[in-house]
Every structure is written in structure tokens, then in C-alpha cells.
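> Just so it is clear, I am handing over coords-v8.tsv, which has TSV, N, CA and C atoms.
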chain	number	residue	atom	x	y	z
A	1	MET	N	-4.38	-14.44	42.02
A	1	MET	CA	-4.84	-13.07	41.86
A	1	MET	C	-4.37	-12.26	43.07
A	2	ALA	N	-3.84	-11.09	42.83
A	2	ALA	CA	-3.32	-10.24	43.90
A	2	ALA	C	-4.46	-9.64	44.71
A	3	THR	N	-4.15	-9.28	45.94
A	3	THR	CA	-5.16	-8.69	46.83
A	3	THR	C	-5.72	-7.40	46.24
A	4	THR	N	-4.89	-6.59	45.63
A	4	THR	CA	-5.34	-5.33	45.03
A	4	THR	C	-6.33	-5.58	43.92
A	5	GLU	N	-6.07	-6.60	43.10
A	5	GLU	CA	-6.99	-6.93	42.01
A	5	GLU	C	-8.34	-7.39	42.55
A	6	ARG	N	-8.31	-8.17	43.61
A	6	ARG	CA	-9.57	-8.62	44.23
A	6	ARG	C	-10.36	-7.45	44.78
A	7	ALA	N	-9.67	-6.52	45.40
A	7	ALA	CA	-10.34	-5.34	45.96
A	7	ALA	C	-10.93	-4.48	44.86
A	8	GLN	N	-10.22	-4.35	43.75
A	8	GLN	CA	-10.74	-3.56	42.63
A	8	GLN	C	-11.96	-4.22	42.02
A	9	GLU	N	-11.94	-5.55	41.93
A	9	GLU	CA	-13.10	-6.25	41.41
A	9	GLU	C	-14.30	-6.10	42.33
A	10	ALA	N	-14.03	-6.07	43.63
A	10	ALA	CA	-15.12	-5.94	44.60
A	10	ALA	C	-15.82	-4.59	44.48
A	11	THR	N	-15.06	-3.55	44.09
A	11	THR	CA	-15.65	-2.22	43.99
A	11	THR	C	-16.08	-1.89	42.56
A	12	ALA	N	-15.73	-2.72	41.60
A	12	ALA	CA	-16.02	-2.41	40.20
A	12	ALA	C	-17.52	-2.27	39.94
A	13	GLY	N	-18.34	-3.14	40.51
A	13	GLY	CA	-19.76	-3.10	40.26
A	13	GLY	C	-20.52	-2.20	41.22
A	14	SER	N	-19.88	-1.74	42.26
A	14	SER	CA	-20.57	-0.94	43.26
A	14	SER	C	-20.41	0.55	42.98
A	15	ASP	N	-21.34	1.31	43.48
A	15	ASP	CA	-21.27	2.76	43.35
A	15	ASP	C	-20.46	3.33	44.50
A	16	VAL	N	-19.76	4.40	44.21
A	16	VAL	CA	-19.06	5.12	45.27
A	16	VAL	C	-20.08	6.07	45.90
A	17	PRO	N	-20.15	6.12	47.22
A	17	PRO	CA	-21.13	6.99	47.86
A	17	PRO	C	-20.86	8.47	47.57
A	18	GLU	N	-21.86	9.29	47.78
A	18	GLU	CA	-21.73	10.73	47.59
A	18	GLU	C	-20.88	11.31	48.71
A	19	VAL	N	-20.30	12.47	48.46
A	19	VAL	CA	-19.54	13.17	49.48
A	19	VAL	C	-20.47	13.47	50.65
A	20	GLY	N	-20.00	13.23	51.86
A	20	GLY	CA	-20.79	13.43	53.06
A	20	GLY	C	-21.48	12.17	53.56
A	21	ARG	N	-21.48	11.12	52.74
A	21	ARG	CA	-22.09	9.84	53.12
A	21	ARG	C	-21.03	8.92	53.71
A	22	LEU	N	-21.46	7.88	54.36
A	22	LEU	CA	-20.54	6.91	54.92
A	22	LEU	C	-20.03	5.97	53.84
A	23	ALA	N	-18.76	5.60	53.96
A	23	ALA	CA	-18.13	4.68	53.03
A	23	ALA	C	-17.28	3.70	53.82
A	24	TYR	N	-17.07	2.51	53.25
A	24	TYR	CA	-16.25	1.49	53.89
A	24	TYR	C	-14.93	1.39	53.13
A	25	ASP	N	-13.83	1.59	53.84
A	25	ASP	CA	-12.49	1.47	53.27
A	25	ASP	C	-12.10	0.00	53.31
A	26	LEU	N	-11.96	-0.61	52.14
A	26	LEU	CA	-11.66	-2.03	52.06
A	26	LEU	C	-10.26	-2.36	52.54
A	27	SER	N	-9.31	-1.45	52.42
A	27	SER	CA	-7.95	-1.72	52.86
A	27	SER	C	-7.81	-1.60	54.37
A	28	ALA	N	-8.34	-0.52	54.93
A	28	ALA	CA	-8.23	-0.28	56.38
A	28	ALA	C	-9.30	-1.04	57.16
A	29	LYS	N	-10.32	-1.51	56.46
A	29	LYS	CA	-11.44	-2.24	57.06
A	29	LYS	C	-12.13	-1.41	58.14
A	30	LYS	N	-12.46	-0.14	57.76
A	30	LYS	CA	-13.19	0.70	58.69
A	30	LYS	C	-14.10	1.67	57.93
A	31	VAL	N	-15.06	2.21	58.66
A	31	VAL	CA	-16.06	3.10	58.10
A	31	VAL	C	-15.64	4.54	58.35
A	32	GLY	N	-15.88	5.39	57.36
A	32	GLY	CA	-15.61	6.81	57.51
A	32	GLY	C	-16.56	7.62	56.66
A	33	VAL	N	-16.54	8.93	56.88
A	33	VAL	CA	-17.35	9.85	56.09
A	33	VAL	C	-16.53	10.25	54.87
A	34	LEU	N	-17.10	10.10	53.70
A	34	LEU	CA	-16.41	10.45	52.46
A	34	LEU	C	-16.35	11.97	52.34
A	35	MET	N	-15.14	12.50	52.35
A	35	MET	CA	-14.94	13.95	52.30
A	35	MET	C	-14.66	14.46	50.89
A	36	GLY	N	-14.17	13.59	50.03
A	36	GLY	CA	-13.88	13.99	48.66
A	36	GLY	C	-13.07	12.95	47.93
A	37	GLU	N	-12.82	13.23	46.66
A	37	GLU	CA	-12.05	12.33	45.81
A	37	GLU	C	-11.10	13.17	44.98
A	38	TRP	N	-9.87	12.71	44.87
A	38	TRP	CA	-8.88	13.41	44.07
A	38	TRP	C	-7.87	12.40	43.53
A	39	ALA	N	-7.68	12.41	42.24
A	39	ALA	CA	-6.70	11.57	41.55
A	39	ALA	C	-6.87	10.09	41.88
A	40	GLY	N	-8.12	9.64	41.92
A	40	GLY	CA	-8.38	8.23	42.16
A	40	GLY	C	-8.27	7.80	43.61
A	41	ARG	N	-8.07	8.75	44.50
A	41	ARG	CA	-8.00	8.44	45.93
A	41	ARG	C	-9.16	9.12	46.63
A	42	TYR	N	-9.68	8.47	47.64
A	42	TYR	CA	-10.80	9.01	48.40
A	42	TYR	C	-10.32	9.43	49.77
A	43	MET	N	-10.81	10.57	50.24
A	43	MET	CA	-10.47	11.05	51.57
A	43	MET	C	-11.64	10.74	52.50
A	44	LEU	N	-11.33	10.00	53.57
A	44	LEU	CA	-12.33	9.62	54.55
A	44	LEU	C	-11.95	10.20	55.90
A	45	ARG	N	-12.97	10.53	56.69
A	45	ARG	CA	-12.75	11.05	58.03
A	45	ARG	C	-13.53	10.18	59.00
A	46	PRO	N	-12.98	9.93	60.20
A	46	PRO	CA	-13.72	9.14	61.19
A	46	PRO	C	-15.05	9.80	61.54
A	47	LEU	N	-16.05	9.01	61.91
A	47	LEU	CA	-17.36	9.53	62.25
A	47	LEU	C	-17.31	10.53	63.40
A	48	GLU	N	-16.43	10.27	64.37
A	48	GLU	CA	-16.35	11.15	65.53
A	48	GLU	C	-15.47	12.38	65.28
A	49	GLY	N	-15.00	12.54	64.05
A	49	GLY	CA	-14.11	13.65	63.71
A	49	GLY	C	-12.67	13.20	63.85
A	50	GLY	N	-11.77	14.01	63.39
A	50	GLY	CA	-10.36	13.66	63.48
A	50	GLY	C	-9.68	13.77	62.13
A	51	ARG	N	-8.51	13.19	62.06
A	51	ARG	CA	-7.67	13.28	60.87
A	51	ARG	C	-8.18	12.40	59.74
A	52	GLU	N	-8.19	12.97	58.54
A	52	GLU	CA	-8.60	12.20	57.36
A	52	GLU	C	-7.54	11.18	56.99
A	53	TRP	N	-7.97	10.16	56.27
A	53	TRP	CA	-7.04	9.20	55.71
A	53	TRP	C	-7.42	8.96	54.25
A	54	ASP	N	-6.45	8.53	53.47
A	54	ASP	CA	-6.67	8.25	52.05
A	54	ASP	C	-7.03	6.79	51.86
A	55	ALA	N	-7.93	6.55	50.93
A	55	ALA	CA	-8.32	5.19	50.58
A	55	ALA	C	-8.38	5.06	49.07
A	56	VAL	N	-8.06	3.90	48.56
A	56	VAL	CA	-8.12	3.65	47.13
A	56	VAL	C	-9.41	2.92	46.78
A	57	ASN	N	-9.80	1.96	47.59
A	57	ASN	CA	-10.98	1.14	47.33
A	57	ASN	C	-12.02	1.38	48.42
A	58	VAL	N	-13.13	1.99	48.03
A	58	VAL	CA	-14.23	2.22	48.96
A	58	VAL	C	-15.52	1.69	48.36
A	59	ARG	N	-16.47	1.45	49.22
A	59	ARG	CA	-17.80	1.03	48.79
A	59	ARG	C	-18.81	1.60	49.78
A	60	PRO	N	-20.08	1.65	49.40
A	60	PRO	CA	-21.09	2.10	50.35
A	60	PRO	C	-21.16	1.13	51.54
A	61	VAL	N	-21.54	1.64	52.68
A	61	VAL	CA	-21.67	0.78	53.86
A	61	VAL	C	-23.00	0.04	53.83
A	62	THR	N	-23.02	-1.09	54.47
A	62	THR	CA	-24.28	-1.81	54.65
A	62	THR	C	-24.98	-1.21	55.86
A	63	ALA	N	-26.24	-1.53	56.02
A	63	ALA	CA	-27.00	-1.03	57.18
A	63	ALA	C	-26.35	-1.51	58.48
A	64	ARG	N	-25.90	-2.74	58.49
A	64	ARG	CA	-25.25	-3.30	59.69
A	64	ARG	C	-23.96	-2.56	60.02
A	65	GLU	N	-23.15	-2.27	59.00
A	65	GLU	CA	-21.89	-1.56	59.22
A	65	GLU	C	-22.14	-0.14	59.72
A	66	GLU	N	-23.15	0.52	59.15
A	66	GLU	CA	-23.48	1.88	59.59
A	66	GLU	C	-23.93	1.88	61.05
A	67	LEU	N	-24.83	0.97	61.40
A	67	LEU	CA	-25.32	0.90	62.77
A	67	LEU	C	-24.18	0.61	63.74
A	68	SER	N	-23.32	-0.33	63.39
A	68	SER	CA	-22.19	-0.69	64.24
A	68	SER	C	-21.24	0.49	64.44
A	69	ALA	N	-20.93	1.22	63.37
A	69	ALA	CA	-20.01	2.36	63.46
A	69	ALA	C	-20.61	3.49	64.30
A	70	ARG	N	-21.89	3.78	64.08
A	70	ARG	CA	-22.54	4.85	64.85
A	70	ARG	C	-22.67	4.48	66.33
A	71	LEU	N	-22.96	3.22	66.61
A	71	LEU	CA	-23.06	2.76	67.99
A	71	LEU	C	-21.71	2.82	68.69
A	72	ALA	N	-20.64	2.48	67.98
A	72	ALA	CA	-19.30	2.55	68.56
A	72	ALA	C	-18.95	3.98	68.94
A	73	VAL	N	-19.32	4.95	68.10
A	73	VAL	CA	-19.06	6.36	68.42
A	73	VAL	C	-19.87	6.78	69.63
A	74	LYS	N	-21.13	6.40	69.66
A	74	LYS	CA	-22.00	6.73	70.79
A	74	LYS	C	-21.47	6.14	72.09
A	75	ASN	N	-21.09	4.88	72.06
A	75	ASN	CA	-20.59	4.22	73.26
A	75	ASN	C	-19.27	4.81	73.74
A	76	SER	N	-18.39	5.19	72.83
A	76	SER	CA	-17.11	5.75	73.23
A	76	SER	C	-17.30	7.12	73.89
A	77	GLY	N	-18.30	7.87	73.49
A	77	GLY	CA	-18.58	9.16	74.10
A	77	GLY	C	-19.15	9.02	75.49
A	78	ASP	N	-19.99	8.02	75.71
A	78	ASP	CA	-20.60	7.80	77.02
A	78	ASP	C	-19.59	7.39	78.07
A	79	ARG	N	-18.53	6.74	77.65
A	79	ARG	CA	-17.52	6.26	78.58
A	79	ARG	C	-16.87	7.40	79.36
A	80	TRP	N	-16.70	8.53	78.72
A	80	TRP	CA	-15.94	9.63	79.34
A	80	TRP	C	-16.85	10.67	79.99
A	81	ARG	N	-18.14	10.55	79.89
A	81	ARG	CA	-19.06	11.53	80.49
A	81	ARG	C	-19.54	11.06	81.85
A	82	LYS	N	-18.72	11.10	82.85
A	82	LYS	CA	-19.14	10.67	84.19
A	82	LYS	C	-19.04	11.77	85.17
Starting from the coordinates I provided, produce the structure as C-alpha cells.

Amino acid sequence: MATTERAQEATAGSDVPEVGRLAYDLSAKKVGVLMGEWAGRYMLRPLEGGREWDAVNVRPVTAREELSARLAVKNSGDRWRK
């Protein structure tokens, strides 16, 4: 079975989060804010802001993934505030 088919099966039973909610990009293996959907592609933006990226397979984040992503943003901001 191809990797793409496995990824599609993984998202087949799951709901896609609402726009503005956090989503996990299965291809890039990272969390982003879902900005919209167009032609079967999802646009995600990093939590700390920045350039959007396109994703084909997304799923809602788990509580652990959300906490980890938010903590990473918080920690990266503290590093530069000295």
C-alpha cells in the first residue's frame, strides 16, 4: 500500500477541524492553524504566524500535540526577550 493511500485512510474516519482551529499536517508532520480549504487542499499557518503552506491530509490535533505546539511557540519567544 502506498504512503498516500495510508494517509488517506488515516484521515477518512476523522473530521477536518473548523477554520481557525489547530490541525495536524500528516505529510509535513507539524501543527498549524487551519486557514481554509480549496480544491481538496488545506491551507495551514504556523501558530506563531508566518507563511501558509498547503496540505492534502490533515486531522484534528490531540491534546498532547496542541500543548506541545503551543509550548514550543511560548519557549521560542522567551529566548529572544532578554
> Nearest residue to Lys74 (chain A) out of A:Glu48, A:Leu34, A:Pro60, A:Ser27, using all atoms listed in the file?
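Going through A:Glu48, A:Leu34, A:Pro60, A:Ser27 one by one, the smallest distance to Lys74 (chain A) is for A:Glu48.
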> Would you work out the distance separating CA of Gly20 (chain A) from atom N of Gly36 (chain A), expressed in Å to one decimal?
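We find that CA of Gly20 (chain A) and atom N of Gly36 (chain A) lie 7.3 Å from each other.
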> Between A:Gly40, A:Ser76, A:Tyr24, A:Arg45, single out the one closest to Arg59 (chain A), counting all atoms listed in the file.
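Using all atoms listed in the file, the shortest distance to Arg59 (chain A) belongs to A:Tyr24.
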> In Å, how far is it from CA of Val73 (chain A) to atom C of Gly32 (chain A)?
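Atom-to-atom, CA of Val73 (chain A) to atom C of Gly32 (chain A), that is 12.1 Å.
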> Could you tell me how far atom C of Pro17 (chain A) lies from atom C of Asn57 (chain A), in Å and to one decimal?
11.4 Å
> So which one's closest to Leu71 (chain A), A:Glu37, A:Ala23, A:Leu47, A:Tyr42? Using only C-alpha atoms, please.
A:Leu47
> Neighbours of Val56 (chain A) within 8 Å (all atoms listed in the file; same-chain residues fewer than 2 positions away dropped), as a list in words?
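The contact residues come out as Ala7, Gln8, Asp25, Leu26, Ser27, Ala28, Gly40, Arg41, Tyr42, Met43, Trp53, Asp54, Val58 and Arg59 of chain A.
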> Could you save those same residues with N, CA and C atoms as a PDB file, in the coordinates of the input?

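Final output, result.pdb:
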ATOM      1  N   ALA A   7      -9.670  -6.520  45.400  1.00  0.00           N
ATOM      2  CA  ALA A   7     -10.340  -5.340  45.960  1.00  0.00           C
ATOM      3  C   ALA A   7     -10.930  -4.480  44.860  1.00  0.00           C
ATOM      4  N   GLN A   8     -10.220  -4.350  43.750  1.00  0.00           N
ATOM      5  CA  GLN A   8     -10.740  -3.560  42.630  1.00  0.00           C
ATOM      6  C   GLN A   8     -11.960  -4.220  42.020  1.00  0.00           C
ATOM      7  N   ASP A  25     -13.830   1.590  53.840  1.00  0.00           N
ATOM      8  CA  ASP A  25     -12.490   1.470  53.270  1.00  0.00           C
ATOM      9  C   ASP A  25     -12.100   0.000  53.310  1.00  0.00           C
ATOM     10  N   LEU A  26     -11.960  -0.610  52.140  1.00  0.00           N
ATOM     11  CA  LEU A  26     -11.660  -2.030  52.060  1.00  0.00           C
ATOM     12  C   LEU A  26     -10.260  -2.360  52.540  1.00  0.00           C
ATOM     13  N   SER A  27      -9.310  -1.450  52.420  1.00  0.00           N
ATOM     14  CA  SER A  27      -7.950  -1.720  52.860  1.00  0.00           C
ATOM     15  C   SER A  27      -7.810  -1.600  54.370  1.00  0.00           C
ATOM     16  N   ALA A  28      -8.340  -0.520  54.930  1.00  0.00           N
ATOM     17  CA  ALA A  28      -8.230  -0.280  56.380  1.00  0.00           C
ATOM     18  C   ALA A  28      -9.300  -1.040  57.160  1.00  0.00           C
ATOM     19  N   GLY A  40      -8.120   9.640  41.920  1.00  0.00           N
ATOM     20  CA  GLY A  40      -8.380   8.230  42.160  1.00  0.00           C
ATOM     21  C   GLY A  40      -8.270   7.800  43.610  1.00  0.00           C
ATOM     22  N   ARG A  41      -8.070   8.750  44.500  1.00  0.00           N
ATOM     23  CA  ARG A  41      -8.000   8.440  45.930  1.00  0.00           C
ATOM     24  C   ARG A  41      -9.160   9.120  46.630  1.00  0.00           C
ATOM     25  N   TYR A  42      -9.680   8.470  47.640  1.00  0.00           N
ATOM     26  CA  TYR A  42     -10.800   9.010  48.400  1.00  0.00           C
ATOM     27  C   TYR A  42     -10.320   9.430  49.770  1.00  0.00           C
ATOM     28  N   MET A  43     -10.810  10.570  50.240  1.00  0.00           N
ATOM     29  CA  MET A  43     -10.470  11.050  51.570  1.00  0.00           C
ATOM     30  C   MET A  43     -11.640  10.740  52.500  1.00  0.00           C
ATOM     31  N   TRP A  53      -7.970  10.160  56.270  1.00  0.00           N
ATOM     32  CA  TRP A  53      -7.040   9.200  55.710  1.00  0.00           C
ATOM     33  C   TRP A  53      -7.420   8.960  54.250  1.00  0.00           C
ATOM     34  N   ASP A  54      -6.450   8.530  53.470  1.00  0.00           N
ATOM     35  CA  ASP A  54      -6.670   8.250  52.050  1.00  0.00           C
ATOM     36  C   ASP A  54      -7.030   6.790  51.860  1.00  0.00           C
ATOM     37  N   VAL A  58     -13.130   1.990  48.030  1.00  0.00           N
ATOM     38  CA  VAL A  58     -14.230   2.220  48.960  1.00  0.00           C
ATOM     39  C   VAL A  58     -15.520   1.690  48.360  1.00  0.00           C
ATOM     40  N   ARG A  59     -16.470   1.450  49.220  1.00  0.00           N
ATOM     41  CA  ARG A  59     -17.800   1.030  48.790  1.00  0.00           C
ATOM     42  C   ARG A  59     -18.810   1.600  49.780  1.00  0.00           C
TER      43      ARG A  59
END
> Write down as a PyMOL selection string the residues belonging to region 4-80 of chain A that are assigned strand (DSSP E) by DSSP computed on the backbone.
chain A and resi 22-25+30-38+41-45+53-55+58-60
> Given only C-alpha atoms as the basis, pick out the residue of A:Trp38, A:Lys29, A:Glu52, A:Val61 nearest to Val16 (chain A).
A:Val61
> Compare A:Ala72, A:Leu44, A:Ala55, A:Val19 by their minimum atom-to-atom distance to Val31 (chain A), counting all atoms listed in the file, and give me the closest one.
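Of A:Ala72, A:Leu44, A:Ala55, A:Val19, the one nearest Val31 (chain A) is A:Leu44, counting all atoms listed in the file.
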